[in-house]
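This is work.pdb (PDB, C-alpha atoms and all ligand atoms).
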```
ATOM      1  CA  MET A 297       0.000   0.000   0.000
ATOM      2  CA  VAL A 298       3.031   2.327  -0.253
ATOM      3  CA  ALA A 299       1.843   4.063  -3.438
ATOM      4  CA  ALA A 300      -1.659   4.541  -2.029
ATOM      5  CA  VAL A 301      -0.236   5.969   1.223
ATOM      6  CA  LEU A 302       1.935   8.450  -0.700
ATOM      7  CA  ASP A 303      -1.057   9.381  -2.783
ATOM      8  CA  ALA A 304      -3.093  10.048   0.353
ATOM      9  CA  LEU A 305      -0.421  11.915   2.342
ATOM     10  CA  ARG A 306       1.179  13.767  -0.598
ATOM     11  CA  PRO A 307       4.547  14.256   1.154
ATOM     12  CA  ARG A 308       6.410  17.322  -0.064
ATOM     13  CA  PRO A 309       9.706  19.064   0.700
ATOM     14  CA  GLY A 310       9.563  20.983   3.963
ATOM     15  CA  GLY A 311       6.546  18.990   5.233
ATOM     16  CA  ARG A 312       6.353  17.334   8.664
ATOM     17  CA  TYR A 313       4.999  13.813   8.886
ATOM     18  CA  VAL A 314       4.326  11.206  11.534
ATOM     19  CA  ASP A 315       4.593   7.475  10.981
ATOM     20  CA  ALA A 316       3.066   6.249  14.218
ATOM     21  CA  THR A 317       3.572   2.561  13.329
ATOM     22  CA  VAL A 318       7.059   2.754  11.900
ATOM     23  CA  GLY A 319       7.702  -1.027  11.977
ATOM     24  CA  GLY A 320      10.637  -1.888   9.720
ATOM     25  CA  GLY A 321      10.550   1.607   8.229
ATOM     26  CA  GLY A 322       9.208   0.837   4.737
ATOM     27  CA  HIS A 323       6.529   3.529   4.691
ATOM     28  CA  ALA A 324       8.747   5.928   6.649
ATOM     29  CA  GLU A 325      11.496   5.618   4.053
ATOM     30  CA  ALA A 326       9.026   6.254   1.227
ATOM     31  CA  ILE A 327       7.735   9.379   3.017
ATOM     32  CA  LEU A 328      11.273  10.676   3.608
ATOM     33  CA  GLN A 329      12.178  10.028  -0.018
ATOM     34  CA  ALA A 330       9.067  11.746  -1.320
ATOM     35  CA  SER A 331       9.618  14.778   0.939
ATOM     36  CA  SER A 332      13.314  15.207   0.049
ATOM     37  CA  PRO A 333      15.415  17.163   0.592
ATOM     38  CA  ASP A 334      14.123  18.532   3.890
ATOM     39  CA  GLY A 335      10.818  16.922   4.899
ATOM     40  CA  PHE A 336      10.845  15.709   8.530
ATOM     41  CA  LEU A 337       9.440  12.501   9.983
ATOM     42  CA  TYR A 338       8.507  11.572  13.546
ATOM     43  CA  GLY A 339       8.402   7.778  13.853
ATOM     44  CA  CYS A 340       7.233   5.677  16.737
ATOM     45  CA  ASP A 341       6.542   2.044  17.505
ATOM     46  CA  ARG A 342       5.849   0.144  20.704
ATOM     47  CA  ASP A 343       8.281  -2.538  19.666
ATOM     48  CA  ALA A 344      11.975  -1.927  20.379
ATOM     49  CA  SER A 345      13.130  -4.435  17.748
ATOM     50  CA  ALA A 346      11.016  -2.720  15.069
ATOM     51  CA  LEU A 347      12.719   0.553  15.927
ATOM     52  CA  GLU A 348      16.173  -1.029  15.569
ATOM     53  CA  ALA A 349      15.240  -2.216  12.077
ATOM     54  CA  ALA A 350      13.748   1.183  11.196
ATOM     55  CA  ALA A 351      16.824   3.030  12.460
ATOM     56  CA  GLN A 352      19.042   0.960  10.152
ATOM     57  CA  ARG A 353      16.813   1.486   7.164
ATOM     58  CA  LEU A 354      16.453   5.210   7.738
ATOM     59  CA  ALA A 355      20.148   5.866   8.471
ATOM     60  CA  PRO A 356      20.717   7.513   5.053
ATOM     61  CA  TYR A 357      18.177  10.184   6.080
ATOM     62  CA  ALA A 358      19.933  11.077   9.366
ATOM     63  CA  GLY A 359      18.927  14.510  10.671
ATOM     64  CA  ARG A 360      15.536  14.337   9.001
ATOM     65  CA  TYR A 361      13.751  12.076  11.464
ATOM     66  CA  GLU A 362      13.234  11.350  15.131
ATOM     67  CA  LEU A 363      12.382   7.831  16.309
ATOM     68  CA  ARG A 364      11.059   6.842  19.700
ATOM     69  CA  GLN A 365       9.676   3.787  21.406
ATOM     70  CA  ALA A 366       6.172   4.875  22.293
ATOM     71  CA  ASN A 367       2.546   3.922  22.130
ATOM     72  CA  PHE A 368       0.740   5.977  19.487
ATOM     73  CA  SER A 369      -1.887   6.720  22.117
ATOM     74  CA  GLU A 370       0.687   9.231  23.472
ATOM     75  CA  LEU A 371       1.151  11.203  20.225
ATOM     76  CA  ALA A 372      -0.585  14.347  21.442
ATOM     77  CA  GLY A 373       1.875  14.620  24.350
ATOM     78  CA  TRP A 374       4.881  14.272  22.044
ATOM     79  CA  ILE A 375       4.067  16.258  18.925
ATOM     80  CA  GLU A 376       3.130  19.906  18.919
ATOM     81  CA  GLY A 377      -0.440  20.870  18.046
ATOM     82  CA  ALA A 378      -1.252  21.879  14.446
ATOM     83  CA  SER A 379       2.344  21.176  13.361
ATOM     84  CA  CYS A 380       2.036  18.200  10.989
ATOM     85  CA  ASP A 381       1.126  17.728   7.354
ATOM     86  CA  GLY A 382       0.462  14.009   7.541
ATOM     87  CA  LEU A 383      -0.022  11.108   9.938
ATOM     88  CA  LEU A 384       0.114   7.435   9.046
ATOM     89  CA  LEU A 385      -1.294   4.567  11.122
ATOM     90  CA  ASP A 386      -0.538   1.171   9.548
ATOM     91  CA  LEU A 387      -2.254  -0.914  12.181
ATOM     92  CA  GLY A 388      -1.749  -4.381  13.562
ATOM     93  CA  VAL A 389       1.367  -6.502  13.637
ATOM     94  CA  SER A 390       4.269  -6.624  11.220
ATOM     95  CA  SER A 391       5.651  -9.628   9.350
ATOM     96  CA  MET A 392       8.743  -9.283  11.540
ATOM     97  CA  GLN A 393       6.579  -9.857  14.606
ATOM     98  CA  LEU A 394       4.488 -12.653  13.071
ATOM     99  CA  ASP A 395       7.489 -14.523  11.734
ATOM    100  CA  ARG A 396       9.256 -14.765  15.101
ATOM    101  CA  PRO A 397       7.767 -17.698  17.012
ATOM    102  CA  GLU A 398       9.226 -16.397  20.277
ATOM    103  CA  ARG A 399       6.871 -13.381  20.087
ATOM    104  CA  GLY A 400       3.845 -15.682  20.241
ATOM    105  CA  PHE A 401       1.699 -13.766  17.692
ATOM    106  CA  SER A 402       1.286 -16.518  15.143
ATOM    107  CA  PHE A 403      -0.744 -19.705  15.149
ATOM    108  CA  GLN A 404       1.076 -20.782  12.014
ATOM    109  CA  ALA A 405       4.716 -20.256  12.922
ATOM    110  CA  GLU A 406       6.608 -22.802  14.996
ATOM    111  CA  GLU A 407       5.425 -23.139  18.555
ATOM    112  CA  GLY A 408       6.297 -20.206  20.823
ATOM    113  CA  PRO A 409       5.316 -18.837  24.233
ATOM    114  CA  LEU A 410       1.779 -17.377  24.493
ATOM    115  CA  ASP A 411       3.172 -13.862  24.679
ATOM    116  CA  MET A 412       1.796 -11.400  22.025
ATOM    117  CA  ARG A 413       3.188  -8.249  23.679
ATOM    118  CA  MET A 414       4.207  -5.562  21.206
ATOM    119  CA  ASP A 415       6.123  -3.822  23.986
ATOM    120  CA  ALA A 416       8.247  -6.313  25.914
ATOM    121  CA  ARG A 417       8.336  -3.919  28.913
ATOM    122  CA  GLN A 418       4.666  -4.608  29.520
ATOM    123  CA  ALA A 419       3.864  -7.254  32.149
ATOM    124  CA  LEU A 420       0.577  -8.679  30.808
ATOM    125  CA  THR A 421       0.870 -11.508  28.247
ATOM    126  CA  ALA A 422      -1.626 -13.628  26.321
ATOM    127  CA  ALA A 423      -0.875 -16.541  28.681
ATOM    128  CA  ASP A 424      -2.079 -14.390  31.604
ATOM    129  CA  LEU A 425      -5.416 -13.786  29.864
ATOM    130  CA  VAL A 426      -5.889 -17.376  28.722
ATOM    131  CA  ASN A 427      -5.016 -18.836  32.130
ATOM    132  CA  ASN A 428      -6.727 -16.334  34.421
ATOM    133  CA  LEU A 429      -9.816 -14.701  32.874
ATOM    134  CA  ASP A 430     -13.133 -16.304  33.667
ATOM    135  CA  GLU A 431     -15.187 -17.949  30.960
ATOM    136  CA  SER A 432     -17.547 -15.047  30.322
ATOM    137  CA  GLU A 433     -14.715 -12.524  30.101
ATOM    138  CA  LEU A 434     -12.808 -14.738  27.634
ATOM    139  CA  ALA A 435     -15.990 -15.153  25.576
ATOM    140  CA  ARG A 436     -16.538 -11.384  25.592
ATOM    141  CA  ILE A 437     -13.031 -10.753  24.277
ATOM    142  CA  PHE A 438     -13.330 -13.418  21.553
ATOM    143  CA  ARG A 439     -16.678 -11.944  20.461
ATOM    144  CA  LYS A 440     -15.765  -8.267  20.682
ATOM    145  CA  TYR A 441     -12.240  -8.303  19.289
ATOM    146  CA  GLY A 442     -12.324 -11.459  17.136
ATOM    147  CA  GLU A 443     -15.982 -11.570  16.071
ATOM    148  CA  GLU A 444     -15.644 -15.269  16.845
ATOM    149  CA  PRO A 445     -19.047 -16.934  16.285
ATOM    150  CA  GLN A 446     -18.151 -19.757  18.685
ATOM    151  CA  ALA A 447     -16.818 -17.465  21.395
ATOM    152  CA  ARG A 448     -18.593 -19.150  24.306
ATOM    153  CA  ARG A 449     -17.607 -22.636  23.150
ATOM    154  CA  MET A 450     -13.951 -21.609  22.795
ATOM    155  CA  ALA A 451     -13.954 -19.940  26.205
ATOM    156  CA  ARG A 452     -15.543 -22.956  27.882
ATOM    157  CA  GLY A 453     -13.063 -25.325  26.190
ATOM    158  CA  ILE A 454     -10.144 -23.209  27.402
ATOM    159  CA  VAL A 455     -11.412 -23.057  30.989
ATOM    160  CA  GLN A 456     -11.924 -26.841  31.071
ATOM    161  CA  ALA A 457      -8.526 -27.573  29.548
ATOM    162  CA  ARG A 458      -6.598 -25.221  31.823
ATOM    163  CA  ALA A 459      -8.080 -26.922  34.905
ATOM    164  CA  ARG A 460      -5.915 -29.913  33.897
ATOM    165  CA  GLU A 461      -2.850 -27.947  32.816
ATOM    166  CA  ARG A 462      -2.161 -24.245  32.260
ATOM    167  CA  PHE A 463      -1.503 -23.047  28.714
ATOM    168  CA  ARG A 464       2.082 -22.081  28.032
ATOM    169  CA  THR A 465       2.512 -22.137  24.245
ATOM    170  CA  THR A 466       0.787 -21.073  21.033
ATOM    171  CA  GLY A 467       0.817 -24.710  19.887
ATOM    172  CA  GLU A 468      -1.141 -25.877  22.947
ATOM    173  CA  LEU A 469      -3.842 -23.271  22.309
ATOM    174  CA  VAL A 470      -3.988 -24.025  18.575
ATOM    175  CA  LYS A 471      -4.387 -27.745  19.303
ATOM    176  CA  LEU A 472      -7.281 -27.099  21.656
ATOM    177  CA  ILE A 473      -9.024 -24.765  19.184
ATOM    178  CA  GLU A 474      -8.620 -27.288  16.380
ATOM    179  CA  SER A 475     -10.249 -29.928  18.581
ATOM    180  CA  LEU A 476     -13.186 -27.581  19.305
ATOM    181  CA  ALA A 477     -13.693 -26.244  15.772
ATOM    182  CA  PRO A 478     -12.245 -28.434  13.047
ATOM    183  CA  ARG A 479     -10.860 -26.629  10.049
ATOM    184  CA  SER A 480     -13.373 -25.625   7.383
ATOM    185  CA  GLY A 481     -12.826 -23.223   4.495
ATOM    186  CA  LYS A 482      -9.774 -21.057   4.020
ATOM    187  CA  ARG A 483      -9.515 -19.487   7.444
ATOM    188  CA  HIS A 484      -7.684 -21.355  10.197
ATOM    189  CA  PRO A 485     -10.028 -21.904  13.174
ATOM    190  CA  ALA A 486      -7.567 -20.134  15.513
ATOM    191  CA  THR A 487      -7.499 -16.894  13.463
ATOM    192  CA  ARG A 488     -10.158 -15.027  15.402
ATOM    193  CA  VAL A 489      -9.108 -16.145  18.887
ATOM    194  CA  PHE A 490      -5.488 -15.144  18.209
ATOM    195  CA  GLN A 491      -6.593 -11.756  16.819
ATOM    196  CA  ALA A 492      -8.805 -11.161  19.861
ATOM    197  CA  LEU A 493      -6.098 -12.071  22.375
ATOM    198  CA  ARG A 494      -3.545  -9.854  20.625
ATOM    199  CA  ILE A 495      -5.930  -6.889  20.631
ATOM    200  CA  ALA A 496      -6.723  -7.414  24.318
ATOM    201  CA  VAL A 497      -3.088  -7.888  25.402
ATOM    202  CA  ASN A 498      -2.030  -4.682  23.647
ATOM    203  CA  ASN A 499      -5.160  -2.666  24.411
ATOM    204  CA  GLU A 500      -5.244  -1.911  20.700
ATOM    205  CA  MET A 501      -8.699  -0.437  20.287
ATOM    206  CA  GLU A 502      -8.281   2.130  23.078
ATOM    207  CA  ALA A 503      -4.894   3.113  21.646
ATOM    208  CA  LEU A 504      -6.448   3.543  18.196
ATOM    209  CA  SER A 505      -9.199   5.803  19.523
ATOM    210  CA  SER A 506      -6.599   7.975  21.313
ATOM    211  CA  ALA A 507      -4.429   8.197  18.179
ATOM    212  CA  LEU A 508      -7.409   9.264  16.057
ATOM    213  CA  ALA A 509      -8.232  11.964  18.609
ATOM    214  CA  ALA A 510      -4.551  13.037  18.517
ATOM    215  CA  ALA A 511      -4.765  13.384  14.722
ATOM    216  CA  CYS A 512      -7.315  16.175  15.203
ATOM    217  CA  THR A 513      -4.825  18.001  17.436
ATOM    218  CA  ILE A 514      -1.462  17.534  15.722
ATOM    219  CA  LEU A 515      -2.490  17.994  12.065
ATOM    220  CA  LYS A 516      -2.458  21.432  10.458
ATOM    221  CA  PRO A 517      -5.469  22.491   8.406
ATOM    222  CA  GLY A 518      -4.993  20.676   5.103
ATOM    223  CA  GLY A 519      -2.951  17.957   6.885
ATOM    224  CA  ARG A 520      -3.928  14.379   6.160
ATOM    225  CA  LEU A 521      -4.509  11.235   8.162
ATOM    226  CA  ALA A 522      -4.081   7.837   6.476
ATOM    227  CA  VAL A 523      -5.070   4.659   8.303
ATOM    228  CA  ILE A 524      -4.522   1.100   7.098
ATOM    229  CA  THR A 525      -6.688  -1.462   8.891
ATOM    230  CA  PHE A 526      -6.565  -5.237   8.626
ATOM    231  CA  HIS A 527      -9.873  -6.385  10.059
ATOM    232  CA  SER A 528     -13.408  -5.155  10.473
ATOM    233  CA  VAL A 529     -13.135  -4.425  14.212
ATOM    234  CA  GLU A 530     -10.512  -1.695  13.724
ATOM    235  CA  ASP A 531     -11.929  -0.549  10.386
ATOM    236  CA  ARG A 532     -15.271   0.140  12.086
ATOM    237  CA  ILE A 533     -13.575   2.442  14.604
ATOM    238  CA  VAL A 534     -11.901   4.400  11.787
ATOM    239  CA  LYS A 535     -15.109   4.567   9.732
ATOM    240  CA  ASN A 536     -17.116   5.822  12.709
ATOM    241  CA  PHE A 537     -14.431   8.376  13.554
ATOM    242  CA  GLY A 538     -14.498   9.607   9.945
ATOM    243  CA  ARG A 539     -18.279   9.777   9.936
ATOM    244  CA  GLU A 540     -18.261  11.826  13.121
ATOM    245  CA  GLN A 541     -15.484  14.185  11.991
ATOM    246  CA  THR A 542     -17.028  14.849   8.572
ATOM    247  CA  ARG A 543     -20.516  15.637   9.902
ATOM    248  CA  GLU A 544     -21.569  19.244   9.478
ATOM    249  CA  TYR A 545     -23.445  19.332  12.739
ATOM    250  CA  THR A 546     -23.200  18.163  16.345
ATOM    251  CA  PHE A 547     -25.969  16.858  18.572
ATOM    252  CA  PRO A 548     -26.258  16.663  22.348
ATOM    253  CA  GLY A 549     -25.950  13.259  24.044
ATOM    254  CA  GLU A 550     -25.626   9.925  22.280
ATOM    255  CA  VAL A 551     -28.616   9.986  19.940
ATOM    256  CA  ASP A 552     -28.798  12.049  16.743
ATOM    257  CA  VAL A 553     -32.174  13.782  16.972
ATOM    258  CA  PRO A 554     -32.566  15.946  13.804
ATOM    259  CA  GLU A 555     -34.430  18.715  15.691
ATOM    260  CA  LEU A 556     -31.556  19.101  18.159
ATOM    261  CA  ARG A 557     -28.729  19.362  15.620
ATOM    262  CA  GLN A 558     -26.334  22.291  15.859
ATOM    263  CA  PRO A 559     -24.648  23.253  12.575
ATOM    264  CA  ARG A 560     -20.844  23.427  12.491
ATOM    265  CA  LYS A 561     -18.003  23.328   9.981
ATOM    266  CA  ALA A 562     -16.916  19.673   9.770
ATOM    267  CA  PRO A 563     -13.427  19.318  11.312
ATOM    268  CA  MET A 564     -12.367  16.877   8.558
ATOM    269  CA  LYS A 565     -13.305  15.729   5.080
ATOM    270  CA  TRP A 566     -12.805  12.359   3.397
ATOM    271  CA  VAL A 567      -9.946  12.228   0.898
ATOM    272  CA  HIS A 568     -11.834   9.401  -0.815
ATOM    273  CA  ARG A 569     -15.200   8.134   0.291
ATOM    274  CA  LYS A 570     -14.425   4.457  -0.136
ATOM    275  CA  ALA A 571     -11.567   2.513   1.384
ATOM    276  CA  ILE A 572      -8.679   1.722  -0.969
ATOM    277  CA  GLN A 573      -7.690  -1.929  -1.200
ATOM    278  CA  PRO A 574      -4.434  -3.416  -2.465
ATOM    279  CA  ASP A 575      -4.422  -4.512  -6.090
ATOM    280  CA  GLU A 576      -3.953  -8.126  -7.182
ATOM    281  CA  SER A 577      -0.224  -7.798  -7.837
ATOM    282  CA  GLU A 578       0.356  -6.484  -4.328
ATOM    283  CA  VAL A 579      -1.638  -9.327  -2.773
ATOM    284  CA  ALA A 580       0.268 -11.843  -4.921
ATOM    285  CA  GLU A 581       3.541 -10.403  -3.602
ATOM    286  CA  ASN A 582       2.366 -10.157   0.001
ATOM    287  CA  PRO A 583      -0.651 -12.360   0.807
ATOM    288  CA  ARG A 584      -0.953 -10.716   4.252
ATOM    289  CA  ALA A 585      -1.994  -7.493   2.498
ATOM    290  CA  ARG A 586      -5.196  -9.076   1.170
ATOM    291  CA  SER A 587      -7.377  -7.744   3.988
ATOM    292  CA  ALA A 588      -5.774  -4.279   4.120
ATOM    293  CA  GLN A 589      -7.997  -1.212   3.690
ATOM    294  CA  LEU A 590      -6.741   2.362   3.515
ATOM    295  CA  ARG A 591      -8.925   5.270   4.600
ATOM    296  CA  ALA A 592      -7.793   8.879   4.486
ATOM    297  CA  LEU A 593      -9.147  12.130   5.905
ATOM    298  CA  GLU A 594      -8.041  15.739   5.574
ATOM    299  CA  LYS A 595      -8.252  18.305   8.351
ATOM    300  CA  THR A 596     -10.278  21.293   7.223
TER     301      THR A 596
HETATM  302  C1  LIG B 601       1.830  -3.342  10.087
HETATM  303  S1  LIG B 601       3.196  -2.901  11.059
HETATM  304  C2  LIG B 601       3.808  -1.449  10.313
HETATM  305  C3  LIG B 601       4.756  -1.675   9.181
HETATM  306  C4  LIG B 601       5.389  -0.406   8.670
HETATM  307  N1  LIG B 601       4.399   0.505   8.109
HETATM  308  C5  LIG B 601       6.461  -0.679   7.631
HETATM  309  O1  LIG B 601       6.446  -0.042   6.563
HETATM  310  O2  LIG B 601       7.336  -1.506   7.902
HETATM  311  C6  LIG B 601       2.470  -2.291  12.507
HETATM  312  C7  LIG B 601       3.449  -1.794  13.543
HETATM  313  O3  LIG B 601       2.714  -0.983  14.444
HETATM  314  C8  LIG B 601       3.186  -1.195  15.744
HETATM  315  N2  LIG B 601       2.104  -0.807  16.657
HETATM  316  C9  LIG B 601       0.903  -1.381  16.805
HETATM  317  N3  LIG B 601       0.187  -0.745  17.742
HETATM  318  C10 LIG B 601       0.941   0.302  18.166
HETATM  319  C11 LIG B 601       0.739   1.353  19.114
HETATM  320  N4  LIG B 601      -0.377   1.442  19.839
HETATM  321  N5  LIG B 601       1.713   2.264  19.265
HETATM  322  C12 LIG B 601       2.869   2.188  18.543
HETATM  323  N6  LIG B 601       3.119   1.208  17.652
HETATM  324  C13 LIG B 601       2.168   0.269  17.474
HETATM  325  C14 LIG B 601       3.550  -2.648  15.781
HETATM  326  O4  LIG B 601       4.506  -2.908  16.795
HETATM  327  C15 LIG B 601       4.107  -2.870  14.375
HETATM  328  O5  LIG B 601       5.503  -2.720  14.344
END
```
For the structure just supplied, provide its representation as structure tokens.
Ligand SMILES: C[S@@+](CC[C@H](N)C(=O)[O-])C[C@H]1O[C@@H](n2cnc3c(N)ncnc32)[C@H](O)[C@@H]1O
Amino acid sequence: MVAAVLDALRPRPGGRYVDATVGGGGHAEAILQASSPDGFLYGCDRDASALEAAAQRLAPYAGRYELRQANFSELAGWIEGASCDGLLLDLGVSSMQLDRPERGFSFQAEEGPLDMRMDARQALTAADLVNNLDESELARIFRKYGEEPQARRMARGIVQARARERFRTTGELVKLIESLAPRSGKRHPATRVFQALRIAVNNEMEALSSALAAACTILKPGGRLAVITFHSVEDRIVKNFGREQTREYTFPGEVDVPELRQPRKAPMKWVHRKAIQPDESEVAENPRARSAQLRALEKT
């Protein structure tokens, strides 16, 4: 999605940009290149090893970027208000994280610890959730963050199994899920449970809401926000945020009663109404991109 991101953010010389999910630095490098010779980039990631990789990749642009290990929920405390021309959020986990079994993100990689922390300084791991939450709380997480249709069944199976022996590895959890919901269709039966646990361990949805709120503060008028989502749970948050920001009225309370609407200038406008999806060649090159959706908004 690099071309689509550049198209949405339109980096230019002298501009200031934020890549709040810098990962291995692919998008950051493209933004620095496109804003040569003097565009500036703030990059952050929760993952220290991602930042090491990004620092290596971005070394040729020394002096034009600042990297820090941080949660993007803290952007508004780091970056000055109304100072940026573009902000990128490329959500979820990176291939670097998925491909390392010791990080515990993948149900497909070799067996690893049930970890799933993006920031290794954090105490809470996926094993803590799987071994300690009660059945209804596990079911709630699987439903809310994984949209798992068999959430209750999975939660009950986990609680019964852990009474015999606590879960330690990704492989143990995958084996249990496969015994509860045999494979059917393309999607592995553990996909949704793993997604839900990862989101819960990293408090991803709250962080996303804070970062979207920060976008309103740190972008200049005319500055753009580009968000790449990988599943419907996070895409819904971005869509709802966009709907709210592009509305030309406010209303008191939670319910939109037409008679009570107060007109206002919408704080943002959509760059394109529909989400952009990767083309076939991109998906062929990187199958993980198949569920990516890019949405972009411009501050008015
Ligand atoms: C899909 S990858 C980004 C890849 C990157 N755009 C590139 O070009 O290499 C997502 C990255 O976002 C990071 N991340 C996820 N949630 C975060 C948060 N709340 N704060 C900071 N970084 C986060 C992950 O650690 C991961 O490295």
Leaving out Gln365 (chain A) and any residue of its chain fewer than 5 positions from it, which residues lie within 9 Å of it when counting all atoms listed in the file, given as a short mmCIF file (atom, residue, chain, number, x, y, z; two decimals) with C-alpha atoms, in the frame of the given file?
```cif
data_model
loop_
_atom_site.label_atom_id
_atom_site.label_comp_id
_atom_site.auth_asym_id
_atom_site.auth_seq_id
_atom_site.Cartn_x
_atom_site.Cartn_y
_atom_site.Cartn_z
CA GLY A 339 8.40 7.78 13.85
CA CYS A 340 7.23 5.68 16.74
CA ASP A 341 6.54 2.04 17.50
CA ARG A 342 5.85 0.14 20.70
CA ASP A 343 8.28 -2.54 19.67
CA ALA A 344 11.98 -1.93 20.38
CA LEU A 347 12.72 0.55 15.93
CA ASP A 415 6.12 -3.82 23.99
#
```
Which residues form the shell of 6 Å around ligand LIG 601 (chain B) when you count all atoms listed in the file, given as number ranges by chain? A: 316-323, 340-343, 346, 366-369, 386-390, 414, 500, 503
A:Leu410, A:Ile495, A:Ala522, A:Leu425 ranked by distance to Glu468 (chain A), top pick (using all atoms listed in the file): A:Leu410
Between CA of Gly549 (chain A) and CA of Ala507 (chain A), what distance in Å does the model show, to one decimal? 22.9 Å
Pull the neighbourhood of (-2.4, 22.4, 10.7) for me: all residues within 10 Å in file coordinates, counting only C-alpha atoms, as number ranges by chain. A: 377-382, 512-520, 595-596
Neighbour list for region 581-594 of chain A as a count of residues only, cut-off 9 Å, only C-alpha atoms, skip fewer than 5 positions in-chain: 39
Taking into account all atoms listed in the file, which residue in the set A:Asn498, A:Thr546, A:Asn427, A:Ser480 is nearest to Gln456 (chain A)? A:Asn427
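The shortest atom-to-atom distance to Asp430 (chain A), with only C-alpha atoms taken into account, belongs to A:Ala459 out of A:Ala330, A:Ala459, A:Ala349, A:Leu363.
Nearest to Ser331 (chain A) of all the residues A:Arg306, A:His484, A:Arg448, A:Arg353 is A:Arg306, based on all atoms listed in the file.
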Got a minute to add N, CA and C atoms to region 476-492 of chain A and dump it as a PDB file, in the coordinates of the input?
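The result, stored in rebuild.pdb:
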```
ATOM      1  N   LEU A 476     -11.842 -28.125  19.058  1.00  0.00           N
ATOM      2  CA  LEU A 476     -13.186 -27.581  19.305  1.00  0.00           C
ATOM      3  C   LEU A 476     -13.889 -27.202  18.004  1.00  0.00           C
ATOM      4  N   ALA A 477     -13.108 -26.720  17.031  1.00  0.00           N
ATOM      5  CA  ALA A 477     -13.693 -26.244  15.772  1.00  0.00           C
ATOM      6  C   ALA A 477     -12.812 -26.715  14.629  1.00  0.00           C
ATOM      7  N   PRO A 478     -13.084 -27.905  14.115  1.00  0.00           N
ATOM      8  CA  PRO A 478     -12.245 -28.434  13.047  1.00  0.00           C
ATOM      9  C   PRO A 478     -12.190 -27.482  11.852  1.00  0.00           C
ATOM     10  N   ARG A 479     -11.101 -27.543  11.152  1.00  0.00           N
ATOM     11  CA  ARG A 479     -10.860 -26.629  10.049  1.00  0.00           C
ATOM     12  C   ARG A 479     -11.939 -26.747   8.971  1.00  0.00           C
ATOM     13  N   SER A 480     -12.468 -25.594   8.545  1.00  0.00           N
ATOM     14  CA  SER A 480     -13.373 -25.625   7.383  1.00  0.00           C
ATOM     15  C   SER A 480     -13.132 -24.331   6.622  1.00  0.00           C
ATOM     16  N   GLY A 481     -13.077 -24.414   5.308  1.00  0.00           N
ATOM     17  CA  GLY A 481     -12.826 -23.223   4.495  1.00  0.00           C
ATOM     18  C   GLY A 481     -11.372 -22.798   4.580  1.00  0.00           C
ATOM     19  N   LYS A 482     -11.146 -21.536   4.150  1.00  0.00           N
ATOM     20  CA  LYS A 482      -9.774 -21.057   4.020  1.00  0.00           C
ATOM     21  C   LYS A 482      -9.169 -20.626   5.343  1.00  0.00           C
ATOM     22  N   ARG A 483     -10.013 -20.099   6.215  1.00  0.00           N
ATOM     23  CA  ARG A 483      -9.515 -19.487   7.444  1.00  0.00           C
ATOM     24  C   ARG A 483      -9.196 -20.535   8.514  1.00  0.00           C
ATOM     25  N   HIS A 484      -8.033 -20.427   9.121  1.00  0.00           N
ATOM     26  CA  HIS A 484      -7.684 -21.355  10.197  1.00  0.00           C
ATOM     27  C   HIS A 484      -8.606 -21.081  11.391  1.00  0.00           C
ATOM     28  N   PRO A 485      -9.078 -22.137  12.072  1.00  0.00           N
ATOM     29  CA  PRO A 485     -10.028 -21.904  13.174  1.00  0.00           C
ATOM     30  C   PRO A 485      -9.471 -21.064  14.324  1.00  0.00           C
ATOM     31  N   ALA A 486      -8.135 -20.931  14.406  1.00  0.00           N
ATOM     32  CA  ALA A 486      -7.567 -20.134  15.513  1.00  0.00           C
ATOM     33  C   ALA A 486      -7.429 -18.655  15.161  1.00  0.00           C
ATOM     34  N   THR A 487      -7.734 -18.272  13.911  1.00  0.00           N
ATOM     35  CA  THR A 487      -7.499 -16.894  13.463  1.00  0.00           C
ATOM     36  C   THR A 487      -8.137 -15.872  14.392  1.00  0.00           C
ATOM     37  N   ARG A 488      -9.409 -16.063  14.669  1.00  0.00           N
ATOM     38  CA  ARG A 488     -10.158 -15.027  15.402  1.00  0.00           C
ATOM     39  C   ARG A 488      -9.760 -14.971  16.877  1.00  0.00           C
ATOM     40  N   VAL A 489      -9.507 -16.135  17.465  1.00  0.00           N
ATOM     41  CA  VAL A 489      -9.108 -16.145  18.887  1.00  0.00           C
ATOM     42  C   VAL A 489      -7.737 -15.479  19.039  1.00  0.00           C
ATOM     43  N   PHE A 490      -6.819 -15.769  18.123  1.00  0.00           N
ATOM     44  CA  PHE A 490      -5.488 -15.144  18.209  1.00  0.00           C
ATOM     45  C   PHE A 490      -5.598 -13.628  18.012  1.00  0.00           C
ATOM     46  N   GLN A 491      -6.410 -13.203  17.046  1.00  0.00           N
ATOM     47  CA  GLN A 491      -6.593 -11.756  16.819  1.00  0.00           C
ATOM     48  C   GLN A 491      -7.152 -11.096  18.090  1.00  0.00           C
ATOM     49  N   ALA A 492      -8.152 -11.748  18.677  1.00  0.00           N
ATOM     50  CA  ALA A 492      -8.805 -11.161  19.861  1.00  0.00           C
ATOM     51  C   ALA A 492      -7.828 -11.057  21.031  1.00  0.00           C
TER      52      ALA A 492
END
```
